[in-house]
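First comes the structure, then the notes that go with it.
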Amino acid sequence: METNNKDTKDNKDNLLSSVKNALLILRSFSMDEPEKKISDLASQLGLNKSTVSRTMATLASEGFVYKDPESKKYRLGMTIISLSGIINNNMDVYRESQPILNKLVQDIDETAHISVLDNTDVIYIQKIECKHYVRALSHVGRRNPAYCTSSGKVLLAHADDSVVETVINSGLKKYTETTITDPDELREHLKKIKADGFAYSFAEFNEGVHSVAAPIYDYTGKVIAALTVVGPMQRIQQSKIRPLAKKVIEASMEISDRMGYWR
């Protein structure tokens, strides 16, 4: 009986390990590295090539990854797109924000995003592109640090103190000359953002890129997302940030109203 119990436990452990490896592999793909070879994945994740090869074969059979027959490299498959579509269609904020974002972008002619907080980062879940030739480089699914982006700062300003401390303890990397890297300065900055009702980033993450963001509330009064307008510093100038912030706040509150927020 003891042997059977041990065998059962070993089988469960092996199964969990395989699932974990599969998830690590899927998460390793990014916009910067959309294609990878077995050897790349094995080296990056510290796994045996045989383990990666078996896992990739299983993922490919279910459509989670696709192997290019010529380059022998893998990329994410159509199953991922299908699943992401299900998520987006069922996210109220994604659905409710669409018409407001379209209207805002037409009004100000700058790119707008909806983003949510995920651990210490922000993830963009919605994007409406402006018509300008010079645009900010961003995409749905992109993950950026929270403490130096306007959307991230607005979300942190309304998050629990423990979340802010986790971000601080993870390290405040200096991306540009204007990145806030002092913990006390960041804490005070977040307090001001909460009082003002909006956040801005003047080239804190990317040189020459400015943005302004406002919170989106749900029916309980909780901040669940942020609306951000982003563009080059030549168009989004510091001297004009408050009139722009007013429009962003109006749009974010309109989305909040559609989410059932009671003012």
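We label chains A, B, ... in the order they appear in the structure tokens, count residues from 1 in each chain, and number ligands from 1 in the order shown.
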
* Asked: Just asking: which residues within segment 7-242 of chain A are alpha helix (DSSP H) according to DSSP, as JSON, numbers by chain?
  -> {"A": [7, 8, 9, 10, 11, 12, 13, 14, 15, 16, 17, 18, 19, 20, 21, 22, 23, 24, 25, 26, 27, 28, 38, 39, 40, 41, 42, 43, 44, 45, 49, 50, 51, 52, 53, 54, 55, 56, 57, 58, 59, 60, 61, 78, 79, 80, 81, 82, 83, 84, 85, 86, 87, 88, 89, 90, 92, 93, 94, 95, 96, 97, 98, 99, 100, 101, 102, 103, 104, 105, 106, 107, 108, 150, 151, 152, 153, 154, 155, 156, 157, 161, 162, 163, 164, 165, 166, 167, 168, 169, 183, 184, 185, 186, 187, 188, 189, 190, 191, 192, 193, 194, 195, 196, 241, 242]}

* To do: Considering only C-alpha atoms, return as a count of residues only whatever protein or nucleic-acid residues lie within 10 Å of segment 114-130 of chain A, sequence-local ones (same chain, fewer than 5 positions apart) excluded.
  => 58

* To do: Measure the distance from atom CA of Phe202 of chain A to atom CA of Gln238 of chain A in Å and round it to one decimal.
  =>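 Computing it gives 7.6 Å between the two atoms.
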
* **Sel. of strand (DSSP E or B) residues, segment 47-236 of chain A, as a PyMOL selection string** => chain A and resi 65-67+74-76+111-118+121-128+143-145+199-202+209-217+223-232

* **Selected residue of minimal separation from Glu110 of chain A among A:Lys131, A:Ser162, A:Val212, A:Ser43, counting only C-alpha atoms** =>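 Ranked by minimum distance to Glu110 of chain A, first place goes to A:Lys131.
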
* Atom pair atom CA of Gly260 of chain A / atom CA of Ala195 of chain A: separation (Å) -> 22.3 Å

* To do: Mind checking which residues fall within 8 Å of Asn206 of chain A, counting only C-alpha atoms, ignoring those fewer than 2 positions away in the same chain, and posting them as a ChimeraX atom specification?
  => /A:175-176,203-204,208-209

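Atom CA of Arg235 of chain A is positioned 29.3 Å from atom CA of Asp257 of chain A.
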